[in-house]
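One structure is given below, encoded as structure tokens.
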Amino acid sequence: MAETEETVVPPSGAQLAAARKFVKAHGKPARAVVENIGRAGARVVLVGADGALGDVVVPSVATGEALVEAVEDVSPATWDAETVKATKIGPEHRRKMAGQ
């Protein structure tokens with residue numbers, strides 16, 4: 001197998017459940033941006049209808065894309081102006097990102 005080929009590992013039940021739980025808690029439709037995080041895999045950043053952020057870490061970008069396709073009311077997105085504008089980062093999330 002060439003280094004550029006990627007084996008698609010289906011999202012686990014726990015990963016699917018986490019994404020569905022996020023959508024249920026933060027409204028639909030939700031957006032999902034799949035980001036490569038190197039050897040650790042990929043991060044699926046979820047933006048709820050209420051602007052909340054969440055994420056699910058998966059083994060690869062292909063798995064992240066499969067997760068987005070498998071979860072109802074989640075649409076693929078990029079960090080374009082519309083997605084960034086829809087995001088509302090509150091004080092609690094800022095503290096979490098700062099490691100506090």
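By convention in this document, the chains of the structure tokens carry letters A, B, ... by their order, each chain's residues are numbered from 1, and ligands are numbered from 1 in the order they are shown.
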Would you pick out the contacts of Gly41 of chain A at 9 Å or less, using only C-alpha atoms, so that residues sharing its chain but fewer than 6 positions from it are not included, and give the list as a ChimeraX atom specification? /A:35,57-61,63-64
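Nearest residue to Phe22 of chain A, choosing from A:Leu46, A:Ala98, A:Val68, A:Val84 and counting only C-alpha atoms: A:Leu46.
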Just the strand (DSSP E or B) stuff from chain A, please, per backbone DSSP, written as an mmCIF file with all heavy atoms, in the first residue's frame.
```cif
data_model
loop_
_atom_site.group_PDB
_atom_site.id
_atom_site.type_symbol
_atom_site.label_atom_id
_atom_site.label_comp_id
_atom_site.auth_asym_id
_atom_site.auth_seq_id
_atom_site.Cartn_x
_atom_site.Cartn_y
_atom_site.Cartn_z
ATOM 1 N N ALA A 30 -26.026 20.740 12.758
ATOM 2 C CA ALA A 30 -24.689 20.991 13.270
ATOM 3 C C ALA A 30 -23.712 20.931 12.104
ATOM 4 O O ALA A 30 -23.986 20.299 11.086
ATOM 5 C CB ALA A 30 -24.318 19.947 14.322
ATOM 6 N N ARG A 31 -22.592 21.592 12.271
ATOM 7 C CA ARG A 31 -21.532 21.566 11.259
ATOM 8 C C ARG A 31 -20.378 20.759 11.802
ATOM 9 O O ARG A 31 -20.172 20.711 13.019
ATOM 10 C CB ARG A 31 -21.027 22.977 10.972
ATOM 11 C CG ARG A 31 -22.079 23.912 10.469
ATOM 12 C CD ARG A 31 -21.555 25.346 10.527
ATOM 13 N NE ARG A 31 -22.610 26.281 10.271
ATOM 14 C CZ ARG A 31 -22.693 27.015 9.170
ATOM 15 N NH1 ARG A 31 -21.762 26.926 8.245
ATOM 16 N NH2 ARG A 31 -23.691 27.836 8.995
ATOM 17 N N ALA A 32 -19.602 20.164 10.912
ATOM 18 C CA ALA A 32 -18.444 19.380 11.331
ATOM 19 C C ALA A 32 -17.259 19.702 10.433
ATOM 20 O O ALA A 32 -17.352 19.610 9.211
ATOM 21 C CB ALA A 32 -18.753 17.897 11.272
ATOM 22 N N VAL A 33 -16.152 20.075 11.055
ATOM 23 C CA VAL A 33 -14.908 20.336 10.343
ATOM 24 C C VAL A 33 -13.940 19.219 10.735
ATOM 25 O O VAL A 33 -13.650 19.043 11.915
ATOM 26 C CB VAL A 33 -14.309 21.713 10.705
ATOM 27 C CG1 VAL A 33 -13.008 21.943 9.953
ATOM 28 C CG2 VAL A 33 -15.305 22.830 10.423
ATOM 29 N N VAL A 34 -13.463 18.460 9.755
ATOM 30 C CA VAL A 34 -12.522 17.368 10.009
ATOM 31 C C VAL A 34 -11.112 17.912 9.829
ATOM 32 O O VAL A 34 -10.768 18.439 8.768
ATOM 33 C CB VAL A 34 -12.772 16.175 9.063
ATOM 34 C CG1 VAL A 34 -11.786 15.056 9.342
ATOM 35 C CG2 VAL A 34 -14.203 15.674 9.198
ATOM 36 N N GLU A 35 -10.308 17.805 10.900
ATOM 37 C CA GLU A 35 -8.944 18.334 10.884
ATOM 38 C C GLU A 35 -7.939 17.218 11.129
ATOM 39 O O GLU A 35 -8.069 16.464 12.091
ATOM 40 C CB GLU A 35 -8.773 19.379 11.989
ATOM 41 C CG GLU A 35 -9.729 20.532 11.895
ATOM 42 C CD GLU A 35 -9.616 21.472 13.080
ATOM 43 O OE1 GLU A 35 -9.322 21.009 14.203
ATOM 44 O OE2 GLU A 35 -9.823 22.672 12.874
ATOM 45 N N ASN A 36 -6.918 17.139 10.296
ATOM 46 C CA ASN A 36 -5.839 16.172 10.475
ATOM 47 C C ASN A 36 -5.003 16.619 11.673
ATOM 48 O O ASN A 36 -4.590 17.779 11.751
ATOM 49 C CB ASN A 36 -4.980 16.128 9.207
ATOM 50 C CG ASN A 36 -3.902 15.074 9.271
ATOM 51 O OD1 ASN A 36 -3.515 14.598 10.335
ATOM 52 N ND2 ASN A 36 -3.392 14.717 8.112
ATOM 53 N N ALA A 42 -7.422 12.279 13.479
ATOM 54 C CA ALA A 42 -8.149 13.473 13.054
ATOM 55 C C ALA A 42 -9.109 13.897 14.149
ATOM 56 O O ALA A 42 -9.548 13.097 14.970
ATOM 57 C CB ALA A 42 -8.921 13.199 11.768
ATOM 58 N N ARG A 43 -9.399 15.166 14.144
ATOM 59 C CA ARG A 43 -10.337 15.746 15.101
ATOM 60 C C ARG A 43 -11.535 16.230 14.311
ATOM 61 O O ARG A 43 -11.386 16.979 13.342
ATOM 62 C CB ARG A 43 -9.658 16.911 15.815
ATOM 63 C CG ARG A 43 -10.529 17.634 16.798
ATOM 64 C CD ARG A 43 -9.716 18.738 17.475
ATOM 65 N NE ARG A 43 -10.539 19.452 18.417
ATOM 66 C CZ ARG A 43 -10.525 20.762 18.580
ATOM 67 N NH1 ARG A 43 -9.704 21.504 17.872
ATOM 68 N NH2 ARG A 43 -11.313 21.318 19.459
ATOM 69 N N VAL A 44 -12.713 15.789 14.700
ATOM 70 C CA VAL A 44 -13.952 16.259 14.088
ATOM 71 C C VAL A 44 -14.490 17.334 15.029
ATOM 72 O O VAL A 44 -14.939 17.039 16.133
ATOM 73 C CB VAL A 44 -14.983 15.124 13.909
ATOM 74 C CG1 VAL A 44 -16.255 15.659 13.266
ATOM 75 C CG2 VAL A 44 -14.391 13.981 13.094
ATOM 76 N N VAL A 45 -14.372 18.591 14.597
ATOM 77 C CA VAL A 45 -14.850 19.710 15.408
ATOM 78 C C VAL A 45 -16.303 19.949 15.055
ATOM 79 O O VAL A 45 -16.641 20.188 13.894
ATOM 80 C CB VAL A 45 -14.024 20.991 15.162
ATOM 81 C CG1 VAL A 45 -14.519 22.123 16.050
ATOM 82 C CG2 VAL A 45 -12.541 20.729 15.399
ATOM 83 N N LEU A 46 -17.160 19.872 16.050
ATOM 84 C CA LEU A 46 -18.600 20.044 15.853
ATOM 85 C C LEU A 46 -19.015 21.437 16.300
ATOM 86 O O LEU A 46 -18.573 21.915 17.351
ATOM 87 C CB LEU A 46 -19.360 18.998 16.655
ATOM 88 C CG LEU A 46 -19.042 17.543 16.287
ATOM 89 C CD1 LEU A 46 -19.530 16.598 17.376
ATOM 90 C CD2 LEU A 46 -19.651 17.194 14.951
ATOM 91 N N VAL A 47 -19.847 22.086 15.512
ATOM 92 C CA VAL A 47 -20.411 23.388 15.859
ATOM 93 C C VAL A 47 -21.921 23.202 15.851
ATOM 94 O O VAL A 47 -22.523 22.933 14.802
ATOM 95 C CB VAL A 47 -19.997 24.483 14.852
ATOM 96 C CG1 VAL A 47 -20.616 25.825 15.242
ATOM 97 C CG2 VAL A 47 -18.480 24.596 14.747
ATOM 98 N N LEU A 53 -19.195 24.451 20.751
ATOM 99 C CA LEU A 53 -18.157 23.631 20.132
ATOM 100 C C LEU A 53 -18.031 22.303 20.848
ATOM 101 O O LEU A 53 -18.157 22.237 22.071
ATOM 102 C CB LEU A 53 -16.796 24.336 20.226
ATOM 103 C CG LEU A 53 -16.534 25.497 19.296
ATOM 104 C CD1 LEU A 53 -15.209 26.157 19.652
ATOM 105 C CD2 LEU A 53 -16.501 25.033 17.860
ATOM 106 N N GLY A 54 -17.742 21.278 20.097
ATOM 107 C CA GLY A 54 -17.442 19.969 20.646
ATOM 108 C C GLY A 54 -16.494 19.277 19.700
ATOM 109 O O GLY A 54 -16.226 19.768 18.606
ATOM 110 N N ASP A 55 -15.955 18.149 20.105
ATOM 111 C CA ASP A 55 -15.094 17.420 19.182
ATOM 112 C C ASP A 55 -15.098 15.939 19.476
ATOM 113 O O ASP A 55 -15.459 15.502 20.563
ATOM 114 C CB ASP A 55 -13.676 17.971 19.171
ATOM 115 C CG ASP A 55 -12.930 17.782 20.483
ATOM 116 O OD1 ASP A 55 -13.524 17.324 21.467
ATOM 117 O OD2 ASP A 55 -11.741 18.084 20.529
ATOM 118 N N VAL A 56 -14.716 15.191 18.452
ATOM 119 C CA VAL A 56 -14.566 13.743 18.538
ATOM 120 C C VAL A 56 -13.253 13.429 17.829
ATOM 121 O O VAL A 56 -13.046 13.856 16.692
ATOM 122 C CB VAL A 56 -15.725 13.004 17.839
ATOM 123 C CG1 VAL A 56 -15.529 11.495 17.925
ATOM 124 C CG2 VAL A 56 -17.074 13.401 18.427
ATOM 125 N N VAL A 57 -12.353 12.711 18.509
ATOM 126 C CA VAL A 57 -11.085 12.324 17.896
ATOM 127 C C VAL A 57 -11.248 10.926 17.303
ATOM 128 O O VAL A 57 -11.772 10.022 17.953
ATOM 129 C CB VAL A 57 -9.935 12.363 18.922
ATOM 130 C CG1 VAL A 57 -8.633 11.876 18.297
ATOM 131 C CG2 VAL A 57 -9.750 13.783 19.452
ATOM 132 N N VAL A 58 -10.828 10.785 16.049
ATOM 133 C CA VAL A 58 -10.941 9.528 15.312
ATOM 134 C C VAL A 58 -9.572 9.158 14.740
ATOM 135 O O VAL A 58 -8.676 9.992 14.698
ATOM 136 C CB VAL A 58 -12.010 9.649 14.194
ATOM 137 C CG1 VAL A 58 -13.396 9.848 14.767
ATOM 138 C CG2 VAL A 58 -11.671 10.781 13.231
ATOM 139 N N VAL A 74 -25.806 16.411 10.698
ATOM 140 C CA VAL A 74 -24.455 16.974 10.740
ATOM 141 C C VAL A 74 -24.001 17.139 9.297
ATOM 142 O O VAL A 74 -24.073 16.207 8.505
ATOM 143 C CB VAL A 74 -23.466 16.052 11.489
ATOM 144 C CG1 VAL A 74 -22.042 16.573 11.374
ATOM 145 C CG2 VAL A 74 -23.854 15.944 12.955
ATOM 146 N N SER A 75 -23.556 18.339 8.959
ATOM 147 C CA SER A 75 -23.095 18.569 7.593
ATOM 148 C C SER A 75 -21.624 18.940 7.600
ATOM 149 O O SER A 75 -21.140 19.607 8.519
ATOM 150 C CB SER A 75 -23.921 19.671 6.925
ATOM 151 O OG SER A 75 -23.835 20.858 7.661
ATOM 152 N N PRO A 76 -20.895 18.505 6.571
ATOM 153 C CA PRO A 76 -19.476 18.830 6.492
ATOM 154 C C PRO A 76 -19.294 20.326 6.289
ATOM 155 O O PRO A 76 -20.102 20.981 5.623
ATOM 156 C CB PRO A 76 -18.982 18.035 5.284
ATOM 157 C CG PRO A 76 -20.194 17.653 4.511
ATOM 158 C CD PRO A 76 -21.355 17.706 5.445
#
```
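Counting only C-alpha atoms, the residue from A:Leu67, A:Lys24, A:Gly51, A:Pro29 that sits nearest to Val8 of chain A is A:Leu67.
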d(atom CA of Gln15 of chain A, atom CA of Glu65 of chain A) in Å: 12.3 Å
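A straight line drawn from atom CA of Gly90 of chain A to atom CA of Asp50 of chain A is 11.5 Å long.
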Per DSSP on the backbone, filter chain A down to the residues in helix (DSSP H, G or I) and report them as an MDAnalysis selection string. chainID A and resid 13:26 38:40 61:70 81:86 91:97
Would you mind exporting N, CA and C atoms of the selected residues as a short mmCIF file (atom, residue, chain, number, x, y, z; two decimals), in the first residue's frame?
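The new file part-v4.cif reads:
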```cif
data_model
loop_
_atom_site.label_atom_id
_atom_site.label_comp_id
_atom_site.auth_asym_id
_atom_site.auth_seq_id
_atom_site.Cartn_x
_atom_site.Cartn_y
_atom_site.Cartn_z
N GLY A 13 -18.86 2.88 17.71
CA GLY A 13 -20.15 3.19 18.30
C GLY A 13 -20.06 4.35 19.27
N ALA A 14 -18.96 4.39 20.04
CA ALA A 14 -18.78 5.48 21.01
C ALA A 14 -18.59 6.82 20.29
N GLN A 15 -17.87 6.83 19.19
CA GLN A 15 -17.66 8.07 18.43
C GLN A 15 -18.98 8.55 17.83
N LEU A 16 -19.74 7.63 17.26
CA LEU A 16 -21.05 7.99 16.71
C LEU A 16 -21.98 8.50 17.80
N ALA A 17 -21.98 7.83 18.94
CA ALA A 17 -22.84 8.24 20.05
C ALA A 17 -22.47 9.62 20.55
N ALA A 18 -21.17 9.92 20.63
CA ALA A 18 -20.72 11.24 21.10
C ALA A 18 -21.21 12.34 20.15
N ALA A 19 -21.10 12.10 18.84
CA ALA A 19 -21.55 13.10 17.88
C ALA A 19 -23.07 13.27 17.95
N ARG A 20 -23.80 12.18 18.06
CA ARG A 20 -25.26 12.27 18.15
C ARG A 20 -25.70 12.98 19.43
N LYS A 21 -25.01 12.69 20.52
CA LYS A 21 -25.33 13.35 21.79
C LYS A 21 -25.09 14.86 21.69
N PHE A 22 -24.01 15.24 21.01
CA PHE A 22 -23.72 16.66 20.82
C PHE A 22 -24.85 17.34 20.04
N VAL A 23 -25.27 16.71 18.94
CA VAL A 23 -26.35 17.30 18.12
C VAL A 23 -27.62 17.42 18.95
N LYS A 24 -27.94 16.41 19.72
CA LYS A 24 -29.15 16.45 20.55
C LYS A 24 -29.07 17.59 21.57
N ALA A 25 -27.90 17.81 22.15
CA ALA A 25 -27.73 18.83 23.18
C ALA A 25 -27.62 20.25 22.62
N HIS A 26 -27.10 20.38 21.40
CA HIS A 26 -26.79 21.72 20.89
C HIS A 26 -27.53 22.10 19.62
N GLY A 38 -2.23 14.74 12.64
CA GLY A 38 -1.00 13.96 12.55
C GLY A 38 -1.18 12.50 12.93
N ARG A 39 -0.18 11.95 13.61
CA ARG A 39 -0.21 10.53 13.97
C ARG A 39 -1.39 10.16 14.86
N ALA A 40 -1.90 11.12 15.60
CA ALA A 40 -3.04 10.85 16.49
C ALA A 40 -4.32 10.62 15.71
N VAL A 61 -8.56 11.01 8.91
CA VAL A 61 -9.46 11.96 8.25
C VAL A 61 -10.60 11.20 7.57
N ALA A 62 -10.30 10.07 6.94
CA ALA A 62 -11.35 9.28 6.27
C ALA A 62 -12.39 8.81 7.27
N THR A 63 -11.96 8.41 8.48
CA THR A 63 -12.91 8.01 9.51
C THR A 63 -13.76 9.20 9.93
N GLY A 64 -13.13 10.36 10.05
CA GLY A 64 -13.88 11.57 10.40
C GLY A 64 -14.93 11.91 9.37
N GLU A 65 -14.56 11.79 8.10
CA GLU A 65 -15.53 12.05 7.04
C GLU A 65 -16.67 11.03 7.07
N ALA A 66 -16.34 9.78 7.38
CA ALA A 66 -17.37 8.74 7.50
C ALA A 66 -18.30 9.03 8.67
N LEU A 67 -17.74 9.55 9.77
CA LEU A 67 -18.54 9.91 10.94
C LEU A 67 -19.54 11.01 10.57
N VAL A 68 -19.07 12.02 9.86
CA VAL A 68 -19.95 13.13 9.46
C VAL A 68 -21.08 12.61 8.58
N GLU A 69 -20.76 11.71 7.66
CA GLU A 69 -21.80 11.15 6.78
C GLU A 69 -22.80 10.29 7.53
N ALA A 70 -22.33 9.62 8.60
CA ALA A 70 -23.18 8.66 9.32
C ALA A 70 -24.13 9.30 10.32
N ALA A 81 -16.00 31.77 6.65
CA ALA A 81 -16.57 32.87 7.45
C ALA A 81 -17.90 32.48 8.08
N GLU A 82 -18.72 31.74 7.36
CA GLU A 82 -20.04 31.36 7.86
C GLU A 82 -19.93 30.45 9.09
N THR A 83 -19.02 29.48 9.03
CA THR A 83 -18.85 28.55 10.16
C THR A 83 -18.24 29.26 11.36
N VAL A 84 -17.24 30.08 11.11
CA VAL A 84 -16.62 30.82 12.22
C VAL A 84 -17.63 31.74 12.88
N LYS A 85 -18.44 32.42 12.08
CA LYS A 85 -19.46 33.33 12.61
C LYS A 85 -20.51 32.60 13.44
N ALA A 86 -20.79 31.33 13.09
CA ALA A 86 -21.79 30.53 13.81
C ALA A 86 -21.28 30.05 15.15
N PRO A 91 -17.07 31.71 28.13
CA PRO A 91 -15.99 31.72 29.11
C PRO A 91 -15.58 30.32 29.59
N GLU A 92 -16.56 29.42 29.71
CA GLU A 92 -16.25 28.07 30.17
C GLU A 92 -15.35 27.35 29.16
N HIS A 93 -15.67 27.49 27.89
CA HIS A 93 -14.87 26.84 26.86
C HIS A 93 -13.47 27.47 26.77
N ARG A 94 -13.39 28.77 26.94
CA ARG A 94 -12.08 29.45 26.92
C ARG A 94 -11.20 28.94 28.06
N ARG A 95 -11.79 28.75 29.25
CA ARG A 95 -11.02 28.21 30.39
C ARG A 95 -10.55 26.79 30.09
N LYS A 96 -11.43 25.99 29.48
CA LYS A 96 -11.07 24.61 29.15
C LYS A 96 -9.92 24.59 28.14
N MET A 97 -9.99 25.45 27.12
CA MET A 97 -8.93 25.51 26.13
C MET A 97 -7.62 25.98 26.75
#
```
In Å, how far is it from atom CA of Thr87 of chain A to atom CA of Gly48 of chain A? 8.0 Å
